[in-house]
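Coordinates from upload_0.txt are shown below (compact mmCIF, C-alpha atoms).
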# COMPACT_ATOMS: atom_id res chain seq x y z
CA MET A 1 43.19 -56.38 -21.37
CA LYS A 2 46.61 -57.14 -22.79
CA LEU A 3 48.76 -54.18 -23.68
CA THR A 4 50.31 -54.40 -27.07
CA GLU A 5 53.49 -52.70 -28.07
CA SER A 6 52.29 -50.14 -30.54
CA SER A 7 52.74 -46.63 -31.76
CA SER A 8 50.67 -43.55 -31.27
CA LEU A 9 49.37 -41.29 -33.99
CA ARG A 10 51.48 -38.15 -34.20
CA ILE A 11 49.66 -34.89 -34.76
CA VAL A 12 51.56 -31.88 -36.05
CA MET A 13 50.03 -28.47 -35.45
CA MET A 14 51.46 -25.95 -37.84
CA ASP A 15 51.90 -22.48 -36.44
CA PRO A 16 48.78 -20.46 -37.28
CA CYS A 17 49.45 -18.33 -40.31
CA SER A 18 46.71 -15.74 -40.20
CA ASP A 19 46.30 -13.04 -37.60
CA GLN A 20 42.73 -14.03 -37.02
CA ASP A 21 43.65 -17.50 -35.87
CA SER A 22 46.98 -16.88 -34.29
CA ALA A 23 45.59 -16.09 -30.89
CA ALA A 24 47.64 -18.17 -28.49
CA GLY A 25 44.52 -19.02 -26.53
CA ASN A 26 42.92 -20.71 -29.49
CA HIS A 27 46.05 -22.70 -30.22
CA PHE A 28 46.37 -23.68 -26.57
CA GLU A 29 42.79 -24.90 -26.34
CA LYS A 30 43.19 -27.07 -29.41
CA MET A 31 46.40 -28.58 -28.15
CA GLN A 32 44.98 -29.16 -24.67
CA ALA A 33 41.92 -30.89 -26.14
CA LEU A 34 44.10 -33.24 -28.18
CA LEU A 35 46.36 -34.06 -25.22
CA GLU A 36 43.39 -34.78 -23.00
CA LYS A 37 42.20 -37.28 -25.56
CA GLY A 38 45.60 -38.95 -25.37
CA PHE A 39 47.25 -37.77 -28.57
CA THR A 40 50.89 -36.92 -29.15
CA VAL A 41 51.18 -33.44 -30.58
CA THR A 42 54.05 -31.53 -32.14
CA ARG A 43 53.75 -27.78 -32.35
CA ALA A 44 55.71 -26.55 -35.35
CA THR A 45 56.98 -23.00 -35.57
CA PRO A 46 59.90 -21.37 -37.36
CA LYS A 47 61.84 -21.27 -34.09
CA GLY A 48 62.92 -24.39 -32.32
CA LYS A 49 63.52 -28.03 -32.98
CA THR A 50 61.20 -30.98 -32.53
CA ALA A 51 61.68 -34.72 -32.44
CA PRO A 52 62.70 -36.24 -35.75
CA THR A 53 60.09 -37.88 -37.89
CA ASP A 54 59.82 -41.64 -37.81
CA ARG A 55 57.36 -44.04 -39.35
CA SER A 56 54.46 -42.96 -37.14
CA SER A 57 51.41 -41.86 -39.06
CA LEU A 58 51.09 -38.10 -39.23
CA LEU A 59 48.07 -35.87 -39.10
CA VAL A 60 49.12 -32.33 -39.99
CA LEU A 61 46.72 -29.63 -38.87
CA GLY A 62 47.00 -26.05 -39.95
CA HIS A 63 45.83 -23.33 -42.22
CA PHE A 64 46.69 -24.38 -45.72
CA ASP A 65 46.10 -21.93 -48.53
CA GLN A 66 47.92 -24.40 -50.72
CA PRO A 67 47.09 -27.68 -49.06
CA SER A 68 49.49 -29.78 -51.08
CA ALA A 69 52.56 -27.66 -50.52
CA PRO A 70 53.82 -29.13 -47.24
CA LYS A 71 53.68 -32.65 -48.67
CA ASP A 72 56.99 -32.01 -50.37
CA LEU A 73 58.60 -32.11 -46.98
CA TYR A 74 57.78 -35.73 -46.31
CA ALA A 75 58.74 -39.00 -47.86
CA GLU A 76 56.04 -41.00 -49.52
CA ASP A 77 56.13 -44.05 -47.30
CA THR A 78 54.63 -42.49 -44.19
CA GLU A 79 50.91 -42.13 -43.95
CA ILE A 80 50.28 -38.39 -43.80
CA ARG A 81 47.09 -36.43 -43.91
CA PHE A 82 46.78 -32.65 -44.08
CA GLU A 83 43.71 -30.97 -42.68
CA ASP A 84 42.82 -27.31 -42.77
CA ILE A 85 41.31 -26.58 -39.39
CA ARG A 86 40.30 -22.96 -39.87
CA SER A 87 36.62 -23.80 -40.03
CA LEU A 88 36.67 -26.64 -37.50
CA GLN A 89 35.41 -26.46 -33.95
CA ILE A 90 37.66 -28.07 -31.35
CA GLU A 91 35.39 -31.10 -30.98
CA ASP A 92 35.36 -31.60 -34.77
CA MET A 93 39.14 -31.48 -34.83
CA VAL A 94 39.32 -34.07 -32.05
CA SER A 95 36.85 -36.31 -33.93
CA LEU A 96 38.98 -36.02 -37.02
CA ALA A 97 42.06 -37.10 -35.06
CA GLU A 98 40.16 -39.98 -33.51
CA GLY A 99 39.05 -41.10 -36.96
CA MET A 100 42.61 -41.19 -38.25
CA ARG A 101 43.75 -43.00 -35.12
CA GLN A 102 41.31 -45.77 -35.87
CA GLU A 103 42.24 -45.93 -39.54
CA THR A 104 45.94 -46.17 -38.79
CA ALA A 105 45.46 -48.74 -36.00
CA SER A 106 47.30 -46.52 -33.56
CA TYR A 107 46.53 -47.51 -30.01
CA LYS A 108 43.46 -46.31 -28.18
CA HIS A 109 44.23 -43.96 -25.35
CA GLY A 110 43.01 -44.02 -21.84
CA ASP A 111 41.47 -47.46 -21.65
CA TRP A 112 44.01 -48.42 -19.00
CA LYS A 113 45.41 -46.26 -16.23
CA PRO A 114 49.17 -46.52 -16.66
CA TRP A 115 50.01 -47.86 -13.22
CA PHE A 116 52.97 -50.20 -13.19
CA PRO A 117 56.35 -50.55 -11.48
CA VAL A 118 59.41 -48.86 -12.93
CA ILE A 119 62.74 -50.30 -11.82
CA ASP A 120 65.67 -48.05 -10.98
CA TYR A 121 68.54 -50.28 -12.06
CA ASP A 122 71.04 -47.96 -10.43
CA ARG A 123 69.64 -49.22 -7.14
CA CYS A 124 68.34 -52.70 -7.94
CA THR A 125 70.49 -55.58 -6.66
CA ASN A 126 68.49 -58.28 -8.46
CA CYS A 127 67.48 -59.81 -5.13
CA MET A 128 64.17 -61.06 -6.60
CA GLN A 129 62.09 -60.04 -3.59
CA CYS A 130 59.65 -58.28 -5.90
CA LEU A 131 59.34 -61.35 -8.08
CA SER A 132 58.66 -63.65 -5.16
CA PHE A 133 56.27 -61.16 -3.60
CA CYS A 134 53.97 -60.27 -6.48
CA LEU A 135 51.06 -62.65 -6.93
CA PHE A 136 49.98 -61.20 -10.24
CA GLY A 137 52.89 -62.15 -12.47
CA VAL A 138 54.03 -58.60 -13.11
CA TYR A 139 57.71 -59.46 -12.74
CA GLY A 140 59.90 -61.91 -14.58
CA VAL A 141 63.52 -62.28 -15.59
CA ASP A 142 65.21 -61.70 -18.93
CA ASP A 143 67.51 -64.15 -20.69
CA GLY A 144 70.33 -63.10 -18.39
CA ASP A 145 68.18 -63.66 -15.27
CA LYS A 146 67.92 -59.98 -14.60
CA ILE A 147 64.69 -58.86 -13.00
CA GLN A 148 62.33 -56.96 -15.26
CA VAL A 149 58.74 -55.83 -15.49
CA GLN A 150 57.14 -58.21 -17.96
CA ASN A 151 53.40 -57.79 -17.60
CA ASN A 152 52.81 -54.23 -16.51
CA ASP A 153 49.11 -54.41 -17.37
CA GLN A 154 48.65 -57.11 -14.73
CA CYS A 155 49.65 -54.68 -12.00
CA LYS A 156 46.85 -53.69 -9.65
CA THR A 157 46.01 -50.03 -10.01
CA ASN A 158 47.15 -47.91 -7.06
CA CYS A 159 48.87 -50.84 -5.33
CA PRO A 160 52.50 -49.98 -4.48
CA ALA A 161 53.10 -53.03 -2.27
CA CYS A 162 56.11 -54.42 -4.18
CA SER A 163 57.92 -51.10 -3.86
CA ARG A 164 57.51 -51.38 -0.10
CA VAL A 165 59.14 -54.77 0.08
CA CYS A 166 62.09 -53.69 -2.07
CA PRO A 167 65.03 -53.34 0.34
CA GLU A 168 66.77 -50.82 -1.92
CA ALA A 169 63.79 -48.58 -2.71
CA ALA A 170 64.48 -49.37 -6.35
CA ILE A 171 60.86 -49.73 -7.44
CA MET A 172 58.97 -46.62 -8.46
CA PHE A 173 55.39 -45.91 -9.35
CA PRO A 174 55.64 -42.48 -11.00
CA LYS A 175 51.99 -41.70 -10.33
CA TYR A 176 52.24 -42.49 -6.61
CA LYS A 177 51.59 -39.67 -4.17
CA THR A 178 54.79 -39.61 -2.12
CA GLY A 179 58.51 -40.26 -2.37
CA PRO A 180 60.62 -42.14 -2.92
CA ILE A 181 58.06 -44.42 -4.58
CA ASN A 182 57.04 -41.59 -6.91
CA GLY A 183 60.62 -41.24 -8.16
CA ASP A 184 61.80 -38.62 -5.70
CA GLN A 185 65.36 -39.04 -4.45
CA VAL A 186 65.94 -41.89 -2.03
CA GLN A 187 67.11 -40.79 1.41
CA ASN A 188 68.76 -42.93 4.06
CA LYS A 189 65.61 -42.75 6.16
CA ASP A 190 63.66 -44.27 3.29
CA LEU A 191 65.93 -47.28 3.29
CA GLN A 192 65.47 -47.70 7.00
CA ARG A 193 61.73 -47.45 6.54
CA GLU A 194 61.76 -50.03 3.79
CA LYS A 195 63.71 -52.41 5.98
CA MET A 196 61.25 -51.88 8.77
CA LYS A 197 58.40 -52.78 6.48
CA ILE A 198 60.02 -56.09 5.86
CA ASP A 199 60.63 -56.58 9.54
CA ILE A 200 57.00 -55.92 10.23
CA SER A 201 55.86 -58.40 7.64
CA ALA A 202 58.34 -60.91 9.05
CA LEU A 203 56.88 -60.41 12.48
CA LEU A 204 53.50 -61.10 11.01
CA GLY A 205 54.68 -64.46 9.77
CA GLY A 206 56.85 -64.24 6.68
CA ASP A 207 55.47 -62.16 3.91
CA VAL A 208 52.09 -60.56 3.82
CA TYR A 209 50.65 -63.25 1.61
CA ASP A 210 51.85 -65.87 4.04
CA MET A 211 50.08 -63.90 6.71
CA LEU A 212 46.92 -63.78 4.69
CA ARG A 213 47.09 -67.49 4.00
CA THR A 214 47.70 -68.39 7.62
CA ARG A 215 44.94 -66.15 8.82
CA SER A 216 42.57 -67.53 6.24
CA GLU A 217 43.43 -71.09 7.17
CA LYS A 218 42.83 -70.33 10.83
CA ALA A 219 39.58 -68.72 9.89
CA LYS A 220 38.64 -71.72 7.78
CA SER A 221 39.45 -74.03 10.64
CA ARG A 222 37.35 -72.01 13.03
CA PHE A 223 34.61 -71.93 10.47
CA SER A 224 34.56 -75.69 10.29
CA LYS A 225 34.51 -76.01 14.07
CA GLU A 226 32.18 -73.26 14.92
CA ARG A 227 30.07 -73.17 11.78
CA ASP A 228 30.09 -69.44 12.09
CA PRO A 229 30.53 -67.83 8.66
CA ASP A 230 30.37 -64.35 10.14
CA LYS A 231 33.34 -65.03 12.34
CA ALA A 232 35.40 -66.30 9.41
CA LEU A 233 34.47 -63.29 7.37
CA ASN A 234 35.36 -60.95 10.22
CA GLU A 235 38.72 -62.62 10.55
CA ARG A 236 39.42 -62.11 6.87
CA ILE A 237 38.36 -58.49 7.04
CA LYS A 238 40.58 -57.91 10.10
CA CYS A 239 43.49 -59.42 8.23
CA LEU A 240 42.85 -57.36 5.14
CA ASN A 241 42.63 -54.16 7.15
CA LYS A 242 46.00 -54.86 8.67
CA LEU A 243 47.50 -55.43 5.25
CA THR A 244 45.95 -52.24 3.96
CA GLU A 245 47.58 -50.26 6.75
CA SER A 246 51.01 -51.88 6.55
CA GLY A 247 51.43 -51.91 2.80
CA ASP A 248 49.19 -49.07 1.63
CA ILE A 249 47.47 -51.67 -0.49
CA PRO A 250 44.05 -50.51 -1.71
CA PRO A 251 41.25 -52.51 -0.05
CA GLU A 252 39.76 -53.31 -3.44
CA VAL A 253 42.99 -55.05 -4.44
CA LEU A 254 42.97 -57.15 -1.31
CA MET A 255 39.31 -57.96 -1.61
CA SER A 256 39.89 -59.18 -5.15
CA LEU A 257 42.55 -61.68 -4.11
CA PRO A 258 41.74 -65.23 -5.08
CA SER A 259 41.00 -68.08 -2.70
CA PRO A 260 43.60 -68.98 -0.08
CA ASP A 261 44.52 -72.10 -2.06
CA GLU A 262 45.07 -70.07 -5.20
CA ILE A 263 47.10 -67.51 -3.26
CA GLN A 264 49.26 -70.32 -1.93
CA ARG A 265 49.74 -71.78 -5.39
CA ARG A 266 50.71 -68.43 -6.91
CA ALA A 267 52.99 -67.54 -4.01
CA GLU A 268 54.83 -70.84 -4.36
CA GLU A 269 55.11 -70.39 -8.11
CA ALA A 270 56.52 -66.89 -7.74
CA LYS A 271 58.93 -67.99 -5.03
CA ALA A 272 60.14 -70.89 -7.17
CA LYS A 273 60.74 -68.57 -10.13
CA ALA A 274 62.73 -66.19 -7.96
CA GLU A 275 64.78 -68.98 -6.40
CA ALA A 276 65.54 -70.50 -9.78
CA ALA A 277 66.75 -67.16 -11.11
CA LEU A 278 68.86 -66.55 -8.01
CA ASN A 279 70.41 -69.99 -8.28
CA ARG A 280 71.27 -69.46 -11.94
CA ASN A 281 72.80 -66.10 -11.05
CA LYS A 282 75.04 -67.79 -8.46
CA HIS A 283 76.50 -70.18 -11.03
CA MET B 284 63.36 -44.35 -45.11
CA SER B 285 65.70 -41.50 -44.45
CA GLU B 286 65.17 -39.22 -41.49
CA ARG B 287 63.79 -35.85 -42.38
CA PRO B 288 62.49 -32.78 -40.61
CA ALA B 289 59.19 -33.33 -38.86
CA THR B 290 57.81 -30.06 -40.02
CA ALA B 291 58.24 -27.29 -42.46
CA HIS B 292 59.89 -25.17 -39.83
CA SER B 293 62.09 -27.49 -37.88
CA THR B 294 65.29 -26.73 -39.69
CA GLU B 295 65.95 -23.50 -37.82
CA PRO B 296 67.01 -24.48 -34.32
CA ALA B 297 66.91 -22.44 -31.17
CA VAL B 298 70.30 -21.34 -29.94
CA SER B 299 71.64 -23.27 -27.01
CA ALA B 300 74.90 -23.58 -25.19
CA SER B 301 74.94 -27.27 -26.04
CA GLY B 302 73.29 -27.21 -29.43
CA PRO B 303 69.68 -26.91 -30.50
CA THR B 304 67.50 -27.89 -27.59
CA ARG B 305 64.09 -29.42 -27.96
CA ILE B 306 61.20 -29.07 -25.54
CA LEU B 307 59.05 -32.03 -24.52
CA TYR B 308 55.96 -31.47 -22.40
CA CYS B 309 54.12 -34.33 -20.63
CA HIS B 310 50.47 -33.69 -19.83
CA CYS B 311 50.35 -36.55 -17.28
CA ASN B 312 46.84 -37.23 -18.42
CA TYR B 313 45.82 -40.23 -16.37
CA ALA B 314 46.46 -39.11 -12.81
CA GLN B 315 45.96 -36.01 -10.74
CA ILE B 316 49.50 -35.81 -9.45
CA ILE B 317 50.39 -32.55 -11.15
CA SER B 318 48.15 -29.62 -10.45
CA SER B 319 45.93 -28.85 -13.41
CA GLU B 320 46.70 -25.17 -12.92
CA THR B 321 50.43 -25.85 -13.30
CA LYS B 322 49.89 -27.91 -16.46
CA LYS B 323 47.54 -25.31 -17.90
CA THR B 324 49.93 -22.43 -17.25
CA VAL B 325 52.96 -24.24 -18.66
CA LEU B 326 51.14 -25.38 -21.79
CA GLU B 327 49.49 -22.02 -22.31
CA LYS B 328 52.80 -20.18 -22.08
CA LEU B 329 54.49 -22.64 -24.39
CA CYS B 330 51.74 -22.06 -26.93
CA ALA B 331 52.07 -18.32 -26.48
CA SER B 332 55.81 -18.52 -27.13
CA ASP B 333 57.23 -18.78 -30.59
CA ARG B 334 58.97 -22.07 -29.83
CA ALA B 335 58.32 -25.38 -31.48
CA PHE B 336 57.81 -28.25 -29.05
CA ASP B 337 56.59 -31.80 -28.65
CA ALA B 338 53.79 -32.64 -26.26
CA VAL B 339 52.63 -36.06 -25.13
CA ALA B 340 49.51 -37.02 -23.25
CA ASP B 341 51.22 -39.31 -20.78
CA LEU B 342 54.80 -40.59 -20.78
CA CYS B 343 53.83 -43.44 -18.46
CA GLU B 344 51.29 -44.78 -20.94
CA MET B 345 53.80 -44.55 -23.77
CA ALA B 346 56.45 -46.33 -21.69
CA ALA B 347 54.03 -49.08 -20.72
CA ARG B 348 53.32 -49.69 -24.39
CA LYS B 349 56.96 -49.31 -25.36
CA ASP B 350 55.71 -46.80 -27.90
CA PRO B 351 58.35 -46.37 -30.64
CA ALA B 352 57.62 -42.64 -30.46
CA LEU B 353 59.71 -42.58 -27.28
CA THR B 354 62.75 -43.40 -29.38
CA ARG B 355 62.30 -40.36 -31.59
CA LEU B 356 61.70 -38.25 -28.48
CA SER B 357 64.89 -39.49 -26.82
CA GLU B 358 67.12 -39.52 -29.87
CA GLY B 359 66.55 -36.07 -31.30
CA GLY B 360 69.42 -34.38 -29.48
CA PRO B 361 69.44 -32.14 -26.39
CA VAL B 362 66.06 -31.92 -24.73
CA LYS B 363 64.30 -30.26 -21.81
CA ILE B 364 61.43 -32.35 -20.47
CA ALA B 365 58.61 -30.91 -18.38
CA ALA B 366 57.24 -33.91 -16.51
CA CYS B 367 57.87 -35.29 -13.03
CA PHE B 368 60.89 -36.54 -11.05
CA PRO B 369 64.09 -36.93 -13.10
CA ARG B 370 64.70 -40.42 -11.66
CA ALA B 371 61.25 -41.58 -12.77
CA VAL B 372 61.60 -40.05 -16.23
CA LYS B 373 65.06 -41.60 -16.72
CA TRP B 374 63.83 -45.12 -15.96
CA LEU B 375 60.53 -44.76 -17.81
CA PHE B 376 62.44 -44.10 -21.03
CA SER B 377 65.02 -46.72 -20.22
CA GLY B 378 62.36 -49.35 -19.51
CA ALA B 379 60.88 -48.64 -22.94
CA LYS B 380 64.27 -49.24 -24.58
CA ALA B 381 64.64 -45.56 -25.42
CA PRO B 382 67.28 -44.35 -22.95
CA LEU B 383 67.80 -40.63 -22.55
CA ASN B 384 71.23 -39.11 -22.98
CA GLN B 385 72.45 -38.16 -19.53
CA ASP B 386 74.60 -35.32 -20.81
CA THR B 387 71.92 -33.63 -22.89
CA THR B 388 68.71 -34.05 -20.91
CA GLU B 389 67.21 -31.69 -18.36
CA VAL B 390 64.04 -32.78 -16.57
CA LEU B 391 61.81 -30.15 -15.00
CA ASN B 392 59.57 -31.46 -12.27
CA MET B 393 56.04 -30.08 -12.48
CA ARG B 394 55.16 -31.92 -9.25
CA ASP B 395 57.49 -29.70 -7.27
CA ALA B 396 58.32 -26.53 -9.14
CA SER B 397 56.04 -23.63 -9.93
CA ALA B 398 54.69 -23.14 -13.42
CA GLU B 399 56.67 -19.90 -13.69
CA ASP B 400 59.94 -21.64 -12.83
CA ILE B 401 59.20 -24.44 -15.27
CA ILE B 402 58.43 -22.12 -18.15
CA THR B 403 61.47 -19.96 -17.43
CA ARG B 404 63.72 -23.01 -17.61
CA LEU B 405 62.01 -24.43 -20.67
CA LEU B 406 62.43 -21.23 -22.64
CA SER B 407 65.90 -20.36 -21.46
CA GLU B 408 68.68 -21.04 -23.89
CA ASN B 409 71.03 -22.91 -21.62
CA LEU B 410 70.64 -26.56 -20.76
CA GLN B 411 71.31 -27.91 -17.26
CA PRO B 412 71.46 -31.71 -17.51
CA ASN B 413 70.13 -33.27 -14.32
CA LEU B 414 69.37 -36.94 -14.86
CA PRO B 415 70.65 -39.09 -11.98
CA ALA B 416 74.09 -40.35 -12.84
CA ASP B 417 74.55 -43.98 -13.80
CA ASN B 418 76.18 -45.35 -10.70
CA HIS B 419 75.63 -47.66 -7.84
CA PRO B 420 74.75 -45.71 -4.71
CA PRO B 421 75.25 -47.25 -1.27
CA GLN B 422 72.85 -50.13 -0.90
CA ALA B 423 70.58 -50.64 2.07
CA SER B 424 72.92 -53.24 3.47
CA GLU B 425 75.67 -50.62 3.62
CA GLN B 426 73.58 -47.98 5.38
CA PRO B 427 74.29 -47.20 9.04
CA LYS B 428 72.32 -49.45 11.34
CA GLU B 429 69.52 -48.00 13.38
CA ASP B 430 67.73 -49.65 16.22
CA THR B 431 64.35 -50.87 15.18
CA PRO B 432 61.60 -51.51 17.65
Written as structure tokens, that's how I'd like the structure from this file.
Amino acid sequence: MKLTESSSLRIVMMDPCSDQDSAAGNHFEKMQALLEKGFTVTRATPKGKTAPTDRSSLLVLGHFDQPSAPKDLYAEDTEIRFEDIRSLQIEDMVSLAEGMRQETASYKHGDWKPWFPVIDYDRCTNCMQCLSFCLFGVYGVDDGDKIQVQNNDQCKTNCPACSRVCPEAAIMFPKYKTGPINGDQVQNKDLQREKMKIDISALLGGDVYDMLRTRSEKAKSRFSKERDPDKALNERIKCLNKLTESGDIPPEVLMSLPSPDEIQRRAEEAKAKAEAALNRNKH
Amino acid sequence: MSERPATAHSTEPAVSASGPTRILYCHCNYAQIISSETKKTVLEKLCASDRAFDAVADLCEMAARKDPALTRLSEGGPVKIAACFPRAVKWLFSGAKAPLNQDTTEVLNMRDASAEDIITRLLSENLQPNLPADNHPPQASEQPKEDTP
């Protein structure tokens, strides 16, 4: 899947205007149902301010005794639909929203778990370790050779490995379980821990992908000598387990890694990109 | 197209020490990192209040897609955001080219705080900006050395 830059459908829920339907519980359930289907919802009441209107398509839900009246409030060039929801069940209302989402080509929600790195540029030193580490092409550099996340949909769900190699704890995954990777404040001890991670990987022979490659090559060599596929497989599993423990990398991510040759090719490509950017930054 | 009120009622702002303050609620839909009880209580009490507010299913998803809606959410003036860690929220918006105003944004962390505390802050009239300041904190290389095994 390739994520496209696109807008969401905006739903506006007008404050219920009859006593019968103004029960907060009813309003809450409708809003919760829409949010759980991925929609962006504005609750409009006489008190308070909401985000300004832009060109996003609007679906206005409410109780309209004079359905056309609110139209005067909007310009003509935004696609707006008004729906009286008094007689609608929650599931019918959600279906209606889904129908308009499709018609307006707003993006489909929930077909990708939003797991991707977020860079804290207050901390980032542009050292390119993340770029040279990631085998999946998530990172790149902008025109000014500044590191950036370029392909967030290529990130492996639940894998925080790049944040662990970052010496400044500048890479966050907001949906991660613990700090500082989840965005919690960075403490001195976190920086020490990050450095230790790198030391550990260095002890294991460079970076973790180097380790994997070396181990795999050794395993391949043994395989050719001993003709024992089980032994080679065991070696790979042992290696993967070690990586899982040291980098909190989900086993399914490691098991989906390509062949050792492909890993080597990608690692060299990533390293070359990082070195080129660093060299340009020096000049 | 000229900017105009989003709704029939949005012209009457809530009173705030720093101007009309909006409320933005993130439902963090695609992960179980915020307790569902906390989310339910906060949303329920917002709905039970008389305040207008914006709610999004998942700020992370919107940031990943660089959803233009983030721009309207960041540019509408002072805002209180019920979501997760302020540092994460700051850089999610920034990464989507919709930076939040440091002086007029308060982020309330539903991962840490109780639903009652969150709702009290959301509905209070004063704003307490708390985004991490734009600065360059001591880098790892400047931290005191510790012996490593």
Kindly provide, as a PyMOL selection string, the residues of chain A having any atom no farther than 6 Å from an atom of chain B, counting only C-alpha atoms. chain A and resi 5-7+24+28+35+38-53+114+122+168+174+183-184+191
Do a neighbour search on stretch 97-102 of chain A at 7 Å with only C-alpha atoms, toss out local chain neighbours closer than 4 positions, and write the hits as a ChimeraX atom specification. /A:9,93,106
Residue subset to file, keeping C-alpha atoms, as a short mmCIF file (atom, residue, chain, number, x, y, z; two decimals), in the coordinates of the input:
data_model
loop_
_atom_site.label_atom_id
_atom_site.label_comp_id
_atom_site.auth_asym_id
_atom_site.auth_seq_id
_atom_site.Cartn_x
_atom_site.Cartn_y
_atom_site.Cartn_z
CA LEU A 9 49.37 -41.29 -33.99
CA MET A 93 39.14 -31.48 -34.83
CA SER A 106 47.30 -46.52 -33.56
#
For atom CA of A:Ala170 and atom CA of A:Cys127, the interatomic separation in Å (one decimal):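 Computing the Euclidean distance for atom CA of A:Ala170 and atom CA of A:Cys127 yields 10.9 Å.
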As an exercise, work out the distance from atom CA of A:Glu269 to atom CA of A:Val253 in Å and give it to one decimal place.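 Atom CA of A:Val253 lies at a distance of 19.9 Å from atom CA of A:Glu269.
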Kindly give the distance, in Å, that separates atom CA of A:Phe136 and atom CA of A:Ser8, rounded to a single decimal. 27.5 Å
Point out the residue among B:Ile364, B:Asp395, B:Pro412, B:Ser319 with the least atom-to-atom distance to A:Lys177, counting all atoms listed in the file.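 For A:Lys177, the nearest of the candidates is B:Asp395.
Comparing the minimum interatomic distances between A:Val165 and each of A:Gly179, A:Asp248, A:Gln150, A:Asn188, counting all atoms listed in the file, we find that A:Asp248 sits nearest.
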Stretch 409-415 of chain B, all listed atoms, 6 Å padding on each side: what axis-aligned box centre and edge lengths in Å to one decimal come out, as JSON?
{"center_x": 70.4, "center_y": -31.0, "center_z": -16.8, "size_x": 14.1, "size_y": 28.2, "size_z": 21.6}
Closest to B:Lys363 among B:Glu320, B:Leu405, B:Asp386, B:Leu414, using only C-alpha atoms?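 That would be B:Leu405, the residue with the smallest distance to B:Lys363.
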